[in-house]
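So this block is target-v2.pdb, PDB, C-alpha atoms, pLDDT in the B column:
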ATOM      1  CA  MET A   1       0.000   0.000   0.000  1.00 76.00           C
ATOM      2  CA  ASP A   2       1.343   3.411  -0.989  1.00 81.00           C
ATOM      3  CA  VAL A   3       0.357   5.730   1.852  1.00 77.00           C
ATOM      4  CA  ALA A   4       2.582   8.455   0.419  1.00 80.00           C
ATOM      5  CA  ASP A   5      -0.336   8.952  -1.968  1.00 82.00           C
ATOM      6  CA  PRO A   6      -2.693  11.455  -0.265  1.00 82.00           C
ATOM      7  CA  ARG A   7      -5.754   9.601  -1.544  1.00 87.00           C
ATOM      8  CA  ALA A   8      -4.534   6.207  -0.299  1.00 86.00           C
ATOM      9  CA  LEU A   9      -3.608   7.760   3.041  1.00 83.00           C
ATOM     10  CA  ARG A  10      -7.021   9.340   3.390  1.00 85.00           C
ATOM     11  CA  ASP A  11      -8.713   6.026   2.599  1.00 89.00           C
ATOM     12  CA  VAL A  12      -6.750   3.937   5.084  1.00 88.00           C
ATOM     13  CA  LEU A  13      -7.204   6.509   7.831  1.00 86.00           C
ATOM     14  CA  ARG A  14     -10.940   6.535   7.163  1.00 88.00           C
ATOM     15  CA  ARG A  15     -11.180   2.722   7.231  1.00 89.00           C
ATOM     16  CA  HIS A  16      -9.526   2.646  10.649  1.00 87.00           C
ATOM     17  CA  GLY A  17     -11.427   5.640  11.939  1.00 86.00           C
ATOM     18  CA  VAL A  18      -8.196   7.528  12.611  1.00 83.00           C
ATOM     19  CA  ARG A  19      -7.578  11.253  12.507  1.00 77.00           C
ATOM     20  CA  ALA A  20      -4.243  12.890  13.166  1.00 70.00           C
ATOM     21  CA  ALA A  21      -3.828  13.561  16.882  1.00 69.00           C
ATOM     22  CA  THR A  22      -2.355  17.037  16.741  1.00 67.00           C
ATOM     23  CA  SER A  23      -1.912  16.917  20.524  1.00 63.00           C
ATOM     24  CA  LEU A  24       0.752  14.263  19.840  1.00 60.00           C
ATOM     25  CA  GLY A  25       2.247  16.332  17.056  1.00 66.00           C
ATOM     26  CA  GLN A  26       1.005  13.922  14.396  1.00 70.00           C
ATOM     27  CA  ARG A  27       1.466  15.197  10.860  1.00 78.00           C
ATOM     28  CA  PHE A  28       1.446  12.735   7.960  1.00 82.00           C
ATOM     29  CA  LEU A  29       3.993  13.230   5.180  1.00 82.00           C
ATOM     30  CA  VAL A  30       2.473  13.205   1.680  1.00 79.00           C
ATOM     31  CA  ASP A  31       5.246  14.865  -0.330  1.00 87.00           C
ATOM     32  CA  ARG A  32       7.257  12.278  -2.313  1.00 90.00           C
ATOM     33  CA  ALA A  33      10.140  14.691  -2.942  1.00 91.00           C
ATOM     34  CA  VAL A  34      10.580  15.272   0.784  1.00 90.00           C
ATOM     35  CA  LEU A  35      10.291  11.543   1.443  1.00 91.00           C
ATOM     36  CA  ALA A  36      13.019  10.804  -1.106  1.00 92.00           C
ATOM     37  CA  ALA A  37      15.239  13.540   0.347  1.00 92.00           C
ATOM     38  CA  ILE A  38      14.954  12.056   3.830  1.00 92.00           C
ATOM     39  CA  VAL A  39      15.824   8.535   2.703  1.00 92.00           C
ATOM     40  CA  ASP A  40      18.674   9.691   0.447  1.00 93.00           C
ATOM     41  CA  ALA A  41      20.158  11.868   3.199  1.00 90.00           C
ATOM     42  CA  ALA A  42      20.244   8.884   5.539  1.00 89.00           C
ATOM     43  CA  ASP A  43      22.754   7.218   3.170  1.00 89.00           C
ATOM     44  CA  LEU A  44      21.509   3.761   4.112  1.00 91.00           C
ATOM     45  CA  SER A  45      22.737   0.338   3.050  1.00 92.00           C
ATOM     46  CA  PRO A  46      21.130  -3.136   2.971  1.00 93.00           C
ATOM     47  CA  THR A  47      23.055  -4.070   6.135  1.00 90.00           C
ATOM     48  CA  ASP A  48      21.744  -1.164   8.242  1.00 89.00           C
ATOM     49  CA  ASP A  49      19.247  -1.411  11.104  1.00 85.00           C
ATOM     50  CA  VAL A  50      17.095   1.689  11.570  1.00 89.00           C
ATOM     51  CA  LEU A  51      15.220   3.071  14.577  1.00 84.00           C
ATOM     52  CA  GLU A  52      12.238   5.282  13.691  1.00 88.00           C
ATOM     53  CA  ILE A  53      10.367   7.329  16.286  1.00 86.00           C
ATOM     54  CA  GLY A  54       6.709   8.005  15.517  1.00 86.00           C
ATOM     55  CA  PRO A  55       6.037   6.118  12.258  1.00 90.00           C
ATOM     56  CA  GLY A  56       2.406   7.268  12.073  1.00 87.00           C
ATOM     57  CA  PRO A  57       0.773   5.443   9.139  1.00 90.00           C
ATOM     58  CA  GLY A  58       4.154   4.152   7.946  1.00 92.00           C
ATOM     59  CA  VAL A  59       4.976   6.428   5.007  1.00 91.00           C
ATOM     60  CA  LEU A  60       8.670   6.809   5.870  1.00 94.00           C
ATOM     61  CA  THR A  61       8.810   3.348   7.448  1.00 95.00           C
ATOM     62  CA  ALA A  62       7.984   1.634   4.162  1.00 93.00           C
ATOM     63  CA  ALA A  63      10.557   3.686   2.254  1.00 94.00           C
ATOM     64  CA  LEU A  64      13.223   2.831   4.826  1.00 95.00           C
ATOM     65  CA  ALA A  65      12.325  -0.852   4.902  1.00 94.00           C
ATOM     66  CA  ALA A  66      12.913  -1.091   1.158  1.00 94.00           C
ATOM     67  CA  ARG A  67      16.563  -0.097   1.630  1.00 94.00           C
ATOM     68  CA  VAL A  68      17.740  -1.596   4.918  1.00 93.00           C
ATOM     69  CA  ARG A  69      17.992  -4.876   6.802  1.00 91.00           C
ATOM     70  CA  SER A  70      15.463  -3.954   9.475  1.00 90.00           C
ATOM     71  CA  VAL A  71      13.386  -1.099  10.875  1.00 91.00           C
ATOM     72  CA  THR A  72      12.199  -0.819  14.470  1.00 88.00           C
ATOM     73  CA  ALA A  73       9.370   1.697  14.672  1.00 89.00           C
ATOM     74  CA  VAL A  74       8.301   3.077  18.065  1.00 87.00           C
ATOM     75  CA  GLU A  75       4.725   4.395  18.070  1.00 87.00           C
ATOM     76  CA  VAL A  76       2.861   5.789  21.106  1.00 86.00           C
ATOM     77  CA  ASP A  77      -0.600   5.988  19.547  1.00 85.00           C
ATOM     78  CA  PRO A  78      -2.455   2.633  19.935  1.00 86.00           C
ATOM     79  CA  ARG A  79      -4.764   3.570  17.036  1.00 84.00           C
ATOM     80  CA  MET A  80      -1.798   3.470  14.682  1.00 87.00           C
ATOM     81  CA  ILE A  81      -0.701  -0.043  15.611  1.00 89.00           C
ATOM     82  CA  ALA A  82      -3.589  -1.778  13.822  1.00 86.00           C
ATOM     83  CA  LEU A  83      -3.259   0.642  10.901  1.00 91.00           C
ATOM     84  CA  LEU A  84       0.447  -0.145  10.574  1.00 92.00           C
ATOM     85  CA  GLU A  85      -0.322  -3.852  10.392  1.00 90.00           C
ATOM     86  CA  GLU A  86      -2.145  -3.071   7.155  1.00 90.00           C
ATOM     87  CA  THR A  87       0.145  -0.462   5.618  1.00 92.00           C
ATOM     88  CA  LEU A  88       3.332  -2.415   6.387  1.00 93.00           C
ATOM     89  CA  ALA A  89       1.984  -5.893   5.679  1.00 91.00           C
ATOM     90  CA  ASP A  90       4.383  -6.335   2.748  1.00 91.00           C
ATOM     91  CA  HIS A  91       7.464  -5.371   4.771  1.00 93.00           C
ATOM     92  CA  LYS A  92       8.542  -8.348   6.862  1.00 91.00           C
ATOM     93  CA  ASN A  93      11.678  -6.578   8.106  1.00 93.00           C
ATOM     94  CA  VAL A  94       9.700  -4.030  10.167  1.00 93.00           C
ATOM     95  CA  ARG A  95       9.043  -4.401  13.889  1.00 89.00           C
ATOM     96  CA  VAL A  96       6.519  -2.034  15.476  1.00 90.00           C
ATOM     97  CA  VAL A  97       6.850  -1.306  19.203  1.00 86.00           C
ATOM     98  CA  GLN A  98       3.987   0.388  21.027  1.00 86.00           C
ATOM     99  CA  ALA A  99       5.678   2.717  23.514  1.00 82.00           C
ATOM    100  CA  ASP A 100       6.398   6.350  24.343  1.00 79.00           C
ATOM    101  CA  ALA A 101       9.908   7.002  23.029  1.00 70.00           C
ATOM    102  CA  LEU A 102      10.351   9.771  25.611  1.00 64.00           C
ATOM    103  CA  LYS A 103       9.820   7.249  28.407  1.00 66.00           C
ATOM    104  CA  VAL A 104      11.541   4.196  26.953  1.00 59.00           C
ATOM    105  CA  ASP A 105      15.272   4.097  27.713  1.00 51.00           C
ATOM    106  CA  LEU A 106      16.348   3.377  24.139  1.00 51.00           C
ATOM    107  CA  LEU A 107      19.904   4.650  24.428  1.00 46.00           C
ATOM    108  CA  GLY A 108      20.570   4.902  28.197  1.00 43.00           C
ATOM    109  CA  ILE A 109      20.394   8.709  27.851  1.00 71.00           C
ATOM    110  CA  ARG A 110      18.189  10.342  30.496  1.00 44.00           C
ATOM    111  CA  GLU A 111      17.589  13.824  29.167  1.00 47.00           C
ATOM    112  CA  ARG A 112      16.827  15.272  25.749  1.00 51.00           C
ATOM    113  CA  GLY A 113      19.157  18.188  26.555  1.00 70.00           C
ATOM    114  CA  TYR A 114      21.968  15.768  27.223  1.00 76.00           C
ATOM    115  CA  LEU A 115      21.123  13.929  24.018  1.00 73.00           C
ATOM    116  CA  SER A 116      21.650  17.174  22.096  1.00 80.00           C
ATOM    117  CA  VAL A 117      25.157  17.624  23.546  1.00 87.00           C
ATOM    118  CA  PHE A 118      25.896  13.934  22.987  1.00 84.00           C
ATOM    119  CA  THR A 119      24.797  14.099  19.350  1.00 84.00           C
ATOM    120  CA  GLN A 120      26.825  17.216  18.556  1.00 89.00           C
ATOM    121  CA  SER A 121      29.862  15.649  20.217  1.00 92.00           C
ATOM    122  CA  PHE A 122      29.961  12.824  17.695  1.00 91.00           C
ATOM    123  CA  ALA A 123      28.239  14.238  14.616  1.00 90.00           C
ATOM    124  CA  GLU A 124      27.932  17.423  12.593  1.00 87.00           C
ATOM    125  CA  PRO A 125      24.367  18.423  11.693  1.00 81.00           C
ATOM    126  CA  ARG A 126      23.425  19.958   8.350  1.00 83.00           C
ATOM    127  CA  ILE A 127      20.087  20.997   6.911  1.00 86.00           C
ATOM    128  CA  VAL A 128      19.288  18.858   3.861  1.00 88.00           C
ATOM    129  CA  ARG A 129      16.213  20.812   2.824  1.00 88.00           C
ATOM    130  CA  ARG A 130      13.388  22.902   4.186  1.00 90.00           C
ATOM    131  CA  VAL A 131       9.971  21.251   4.282  1.00 89.00           C
ATOM    132  CA  PRO A 132       6.894  23.429   3.802  1.00 89.00           C
ATOM    133  CA  ALA A 133       3.858  22.865   5.980  1.00 85.00           C
ATOM    134  CA  ARG A 134       1.854  21.740   2.938  1.00 88.00           C
ATOM    135  CA  ALA A 135       3.981  18.568   2.742  1.00 84.00           C
ATOM    136  CA  PHE A 136       1.960  17.177   5.648  1.00 80.00           C
ATOM    137  CA  ARG A 137      -1.644  16.288   6.345  1.00 74.00           C
ATOM    138  CA  PRO A 138      -2.953  18.021   8.345  1.00 78.00           C
ATOM    139  CA  ALA A 139      -0.653  20.947   7.641  1.00 77.00           C
ATOM    140  CA  PRO A 140       1.144  22.256  10.753  1.00 77.00           C
ATOM    141  CA  ARG A 141       1.449  25.943  11.529  1.00 80.00           C
ATOM    142  CA  VAL A 142       5.196  25.951  10.971  1.00 77.00           C
ATOM    143  CA  ASP A 143       7.601  24.726   8.309  1.00 82.00           C
ATOM    144  CA  SER A 144      10.035  21.897   9.039  1.00 83.00           C
ATOM    145  CA  ALA A 145      13.486  20.786   7.966  1.00 83.00           C
ATOM    146  CA  VAL A 146      15.291  17.559   7.138  1.00 84.00           C
ATOM    147  CA  VAL A 147      18.524  17.437   9.152  1.00 82.00           C
ATOM    148  CA  ALA A 148      21.353  14.979   8.469  1.00 84.00           C
ATOM    149  CA  LEU A 149      23.988  14.021  11.033  1.00 83.00           C
ATOM    150  CA  ARG A 150      27.435  13.145   9.683  1.00 86.00           C
ATOM    151  CA  THR A 151      29.748  11.299  12.070  1.00 89.00           C
ATOM    152  CA  ARG A 152      32.809  13.312  13.067  1.00 92.00           C
ATOM    153  CA  PRO A 153      36.223  11.674  12.413  1.00 94.00           C
ATOM    154  CA  ARG A 154      36.944  12.287  16.108  1.00 94.00           C
ATOM    155  CA  PRO A 155      34.740  13.538  18.962  1.00 94.00           C
ATOM    156  CA  ALA A 156      34.408  17.298  19.286  1.00 95.00           C
ATOM    157  CA  PHE A 157      35.715  17.110  22.860  1.00 96.00           C
ATOM    158  CA  ALA A 158      38.972  15.332  21.877  1.00 96.00           C
ATOM    159  CA  PRO A 159      41.601  15.022  23.240  1.00 96.00           C
ATOM    160  CA  LEU A 160      39.536  14.875  26.448  1.00 96.00           C
ATOM    161  CA  ALA A 161      38.712  11.323  27.509  1.00 94.00           C
ATOM    162  CA  GLN A 162      35.214  10.301  26.474  1.00 92.00           C
ATOM    163  CA  GLU A 163      33.870   8.707  29.651  1.00 89.00           C
ATOM    164  CA  PRO A 164      34.712  11.562  32.082  1.00 92.00           C
ATOM    165  CA  PHE A 165      33.414  14.209  29.670  1.00 93.00           C
ATOM    166  CA  LEU A 166      30.082  12.514  29.001  1.00 89.00           C
ATOM    167  CA  ARG A 167      29.667  11.725  32.694  1.00 87.00           C
ATOM    168  CA  LEU A 168      30.214  15.399  33.576  1.00 91.00           C
ATOM    169  CA  VAL A 169      27.482  16.497  31.155  1.00 89.00           C
ATOM    170  CA  SER A 170      25.105  13.675  32.057  1.00 84.00           C
ATOM    171  CA  ASP A 171      25.457  14.203  35.798  1.00 84.00           C
ATOM    172  CA  ALA A 172      24.964  17.955  35.523  1.00 85.00           C
ATOM    173  CA  PHE A 173      21.720  17.384  33.611  1.00 83.00           C
ATOM    174  CA  ARG A 174      20.371  15.473  36.587  1.00 77.00           C
ATOM    175  CA  HIS A 175      20.147  18.886  38.209  1.00 72.00           C
ATOM    176  CA  ARG A 176      19.195  20.861  35.102  1.00 65.00           C
ATOM    177  CA  ARG A 177      16.817  23.080  37.095  1.00 73.00           C
ATOM    178  CA  LYS A 178      19.672  24.188  39.338  1.00 82.00           C
ATOM    179  CA  GLN A 179      22.297  26.752  38.482  1.00 89.00           C
ATOM    180  CA  VAL A 180      25.321  25.130  36.875  1.00 90.00           C
ATOM    181  CA  ARG A 181      27.455  26.127  39.900  1.00 90.00           C
ATOM    182  CA  SER A 182      25.189  24.082  42.158  1.00 89.00           C
ATOM    183  CA  ALA A 183      25.074  21.209  39.687  1.00 86.00           C
ATOM    184  CA  LEU A 184      28.869  21.011  39.730  1.00 86.00           C
ATOM    185  CA  GLY A 185      28.762  20.936  43.507  1.00 75.00           C
ATOM    186  CA  HIS A 186      26.396  17.996  43.516  1.00 70.00           C
ATOM    187  CA  GLU A 187      28.017  15.859  40.831  1.00 62.00           C
ATOM    188  CA  ALA A 188      31.571  17.039  40.164  1.00 71.00           C
ATOM    189  CA  GLY A 189      32.357  17.280  43.864  1.00 78.00           C
ATOM    190  CA  LEU A 190      33.416  20.927  43.648  1.00 84.00           C
ATOM    191  CA  ASP A 191      32.792  23.263  46.543  1.00 88.00           C
ATOM    192  CA  ARG A 192      31.153  26.607  45.802  1.00 89.00           C
ATOM    193  CA  GLU A 193      34.451  28.504  45.614  1.00 92.00           C
ATOM    194  CA  ARG A 194      36.081  25.988  43.274  1.00 92.00           C
ATOM    195  CA  ALA A 195      32.960  25.745  41.093  1.00 91.00           C
ATOM    196  CA  THR A 196      32.854  29.538  40.782  1.00 93.00           C
ATOM    197  CA  ALA A 197      36.529  29.595  39.809  1.00 94.00           C
ATOM    198  CA  VAL A 198      36.296  26.968  37.064  1.00 94.00           C
ATOM    199  CA  LEU A 199      33.196  28.588  35.633  1.00 95.00           C
ATOM    200  CA  ALA A 200      34.973  31.935  35.534  1.00 96.00           C
ATOM    201  CA  ALA A 201      37.945  30.312  33.805  1.00 96.00           C
ATOM    202  CA  ALA A 202      35.573  28.881  31.206  1.00 96.00           C
ATOM    203  CA  GLY A 203      33.768  32.203  30.762  1.00 96.00           C
ATOM    204  CA  ILE A 204      30.444  30.837  32.018  1.00 96.00           C
ATOM    205  CA  ALA A 205      28.195  32.778  34.386  1.00 95.00           C
ATOM    206  CA  PRO A 206      27.585  30.691  37.533  1.00 93.00           C
ATOM    207  CA  ASP A 207      23.824  31.303  37.474  1.00 93.00           C
ATOM    208  CA  ARG A 208      23.394  29.663  34.047  1.00 92.00           C
ATOM    209  CA  ARG A 209      21.469  26.404  33.906  1.00 90.00           C
ATOM    210  CA  PRO A 210      22.978  23.243  32.368  1.00 89.00           C
ATOM    211  CA  GLU A 211      20.576  23.118  29.403  1.00 86.00           C
ATOM    212  CA  THR A 212      21.676  26.618  28.276  1.00 89.00           C
ATOM    213  CA  LEU A 213      25.326  25.651  27.780  1.00 92.00           C
ATOM    214  CA  SER A 214      26.566  25.040  24.253  1.00 92.00           C
ATOM    215  CA  LEU A 215      28.828  22.136  23.344  1.00 93.00           C
ATOM    216  CA  ASP A 216      31.832  24.482  23.171  1.00 95.00           C
ATOM    217  CA  GLU A 217      31.036  25.750  26.661  1.00 95.00           C
ATOM    218  CA  TRP A 218      30.863  22.201  28.033  1.00 95.00           C
ATOM    219  CA  ILE A 219      34.250  21.487  26.470  1.00 96.00           C
ATOM    220  CA  GLY A 220      35.720  24.679  27.931  1.00 96.00           C
ATOM    221  CA  LEU A 221      34.297  23.800  31.325  1.00 96.00           C
ATOM    222  CA  ALA A 222      35.766  20.304  31.138  1.00 96.00           C
ATOM    223  CA  HIS A 223      39.202  21.756  30.406  1.00 96.00           C
ATOM    224  CA  ALA A 224      38.855  24.243  33.266  1.00 95.00           C
ATOM    225  CA  ILE A 225      37.955  21.450  35.675  1.00 94.00           C
ATOM    226  CA  GLY A 226      40.980  19.509  34.475  1.00 93.00           C
ATOM    227  CA  LEU A 227      39.321  16.379  33.127  1.00 93.00           C
ATOM    228  CA  PRO A 228      41.844  13.819  31.874  1.00 93.00           C
ATOM    229  CA  GLU A 229      42.829  13.404  28.252  1.00 92.00           C
ATOM    230  CA  GLN A 230      42.964  10.153  26.329  1.00 88.00           C
TER
END
Before anything else, please render the file you have as structure tokens.
Amino acid sequence: MDVADPRALRDVLRRHGVRAATSLGQRFLVDRAVLAAIVDAADLSPTDDVLEIGPGPGVLTAALAARVRSVTAVEVDPRMIALLEETLADHKNVRVVQADALKVDLLGIRERGYLSVFTQSFAEPRIVRRVPARAFRPAPRVDSAVVALRTRPRPAFAPLAQEPFLRLVSDAFRHRRKQVRSALGHEAGLDRERATAVLAAAGIAPDRRPETLSLDEWIGLAHAIGLPEQ
């Protein structure tokens, strides 16, 4: 079934009595050019295994499944599970998991803010193309973008050792509502005076909160603390 076709999508949604739950951010892609751009940007091979968050009716899922070894699709909306059984019936390499991706510990990473720092540490993002609101049904109020992540040849925080750096960031995000000076006191074991000093050395105001720090600021802070190198 080709649910990238707006008419086919409308028909299958109607058969299952499903409307897009905008409260969940559901928007169904119906633009083939955007779909092709997403799949091409992923640079996939037949030996790849793909994780997709929020497959909806399976438009992107089907396109991915045609190129890779397997796709695991995590969908929170129980209405979509039965629908996906129909739209993905021809793709035996797809596994659908009913779960909330924000609550399932897929990668052992606790916070989305930490995930952002983690991602930028190992990959460089680039915008593949802008996606107009009309590419979706129902159309959202804002435009979107396809973003590709290209693995860095070495982590952005090199030559700092990986485990201490990621632990510093991860632990600080446990106290993301606190000022970064207090977060360092809790997790890095720095007293208030020492925390203030290392933040000053890194050019970071002590009343900032962890989620406001850029990757470069985390790296500067790690150097100021004196984290070990590889």
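When atom CA of Ala183 of chain A is paired with atom CA of Pro125 of chain A, their separation reads 28.1 Å.
Pairwise distance (atom CA of Val142 of chain A, atom CA of Val76 of chain A) equals 22.7 Å.
Taking only C-alpha atoms, the non-local environment of segment 205-212 of chain A within 6 Å (same-chain residues fewer than 4 positions away omitted) comprises Gly113, Arg176, Gln179, Val180 and Arg181 of chain A.
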With all atoms listed in the file as the counted atoms, please give the residues lying no more than 10 Å from segment 214-223 of chain A, apart from itself and same-chain residues fewer than 2 positions off, as a PDB file with C-alpha atoms, in the frame of the given file.
ATOM      1  CA  SER A 116      21.650  17.174  22.096  1.00 80.00           C
ATOM      2  CA  VAL A 117      25.157  17.624  23.546  1.00 87.00           C
ATOM      3  CA  PHE A 118      25.896  13.934  22.987  1.00 84.00           C
ATOM      4  CA  THR A 119      24.797  14.099  19.350  1.00 84.00           C
ATOM      5  CA  GLN A 120      26.825  17.216  18.556  1.00 89.00           C
ATOM      6  CA  SER A 121      29.862  15.649  20.217  1.00 92.00           C
ATOM      7  CA  ALA A 156      34.408  17.298  19.286  1.00 95.00           C
ATOM      8  CA  PHE A 157      35.715  17.110  22.860  1.00 96.00           C
ATOM      9  CA  ALA A 158      38.972  15.332  21.877  1.00 96.00           C
ATOM     10  CA  LEU A 160      39.536  14.875  26.448  1.00 96.00           C
ATOM     11  CA  PRO A 164      34.712  11.562  32.082  1.00 92.00           C
ATOM     12  CA  PHE A 165      33.414  14.209  29.670  1.00 93.00           C
ATOM     13  CA  LEU A 166      30.082  12.514  29.001  1.00 89.00           C
ATOM     14  CA  LEU A 168      30.214  15.399  33.576  1.00 91.00           C
ATOM     15  CA  VAL A 169      27.482  16.497  31.155  1.00 89.00           C
ATOM     16  CA  VAL A 198      36.296  26.968  37.064  1.00 94.00           C
ATOM     17  CA  LEU A 199      33.196  28.588  35.633  1.00 95.00           C
ATOM     18  CA  ALA A 200      34.973  31.935  35.534  1.00 96.00           C
ATOM     19  CA  ALA A 201      37.945  30.312  33.805  1.00 96.00           C
ATOM     20  CA  ALA A 202      35.573  28.881  31.206  1.00 96.00           C
ATOM     21  CA  GLY A 203      33.768  32.203  30.762  1.00 96.00           C
ATOM     22  CA  ILE A 204      30.444  30.837  32.018  1.00 96.00           C
ATOM     23  CA  PRO A 210      22.978  23.243  32.368  1.00 89.00           C
ATOM     24  CA  GLU A 211      20.576  23.118  29.403  1.00 86.00           C
ATOM     25  CA  THR A 212      21.676  26.618  28.276  1.00 89.00           C
ATOM     26  CA  ILE A 225      37.955  21.450  35.675  1.00 94.00           C
ATOM     27  CA  GLY A 226      40.980  19.509  34.475  1.00 93.00           C
ATOM     28  CA  LEU A 227      39.321  16.379  33.127  1.00 93.00           C
ATOM     29  CA  PRO A 228      41.844  13.819  31.874  1.00 93.00           C
ATOM     30  CA  GLU A 229      42.829  13.404  28.252  1.00 92.00           C
TER      31      GLU A 229
END
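Taking all atoms listed in the file into account, Ala8 of chain A lies nearest to A:Thr87 out of the set A:Thr47, A:Thr72, A:Thr61, A:Thr87.
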Handout entry: atom CA of Val97 of chain A to atom CA of Val74 of chain A, straight-line distance in Å
Key =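 Distance between the two atoms: 4.8 Å.
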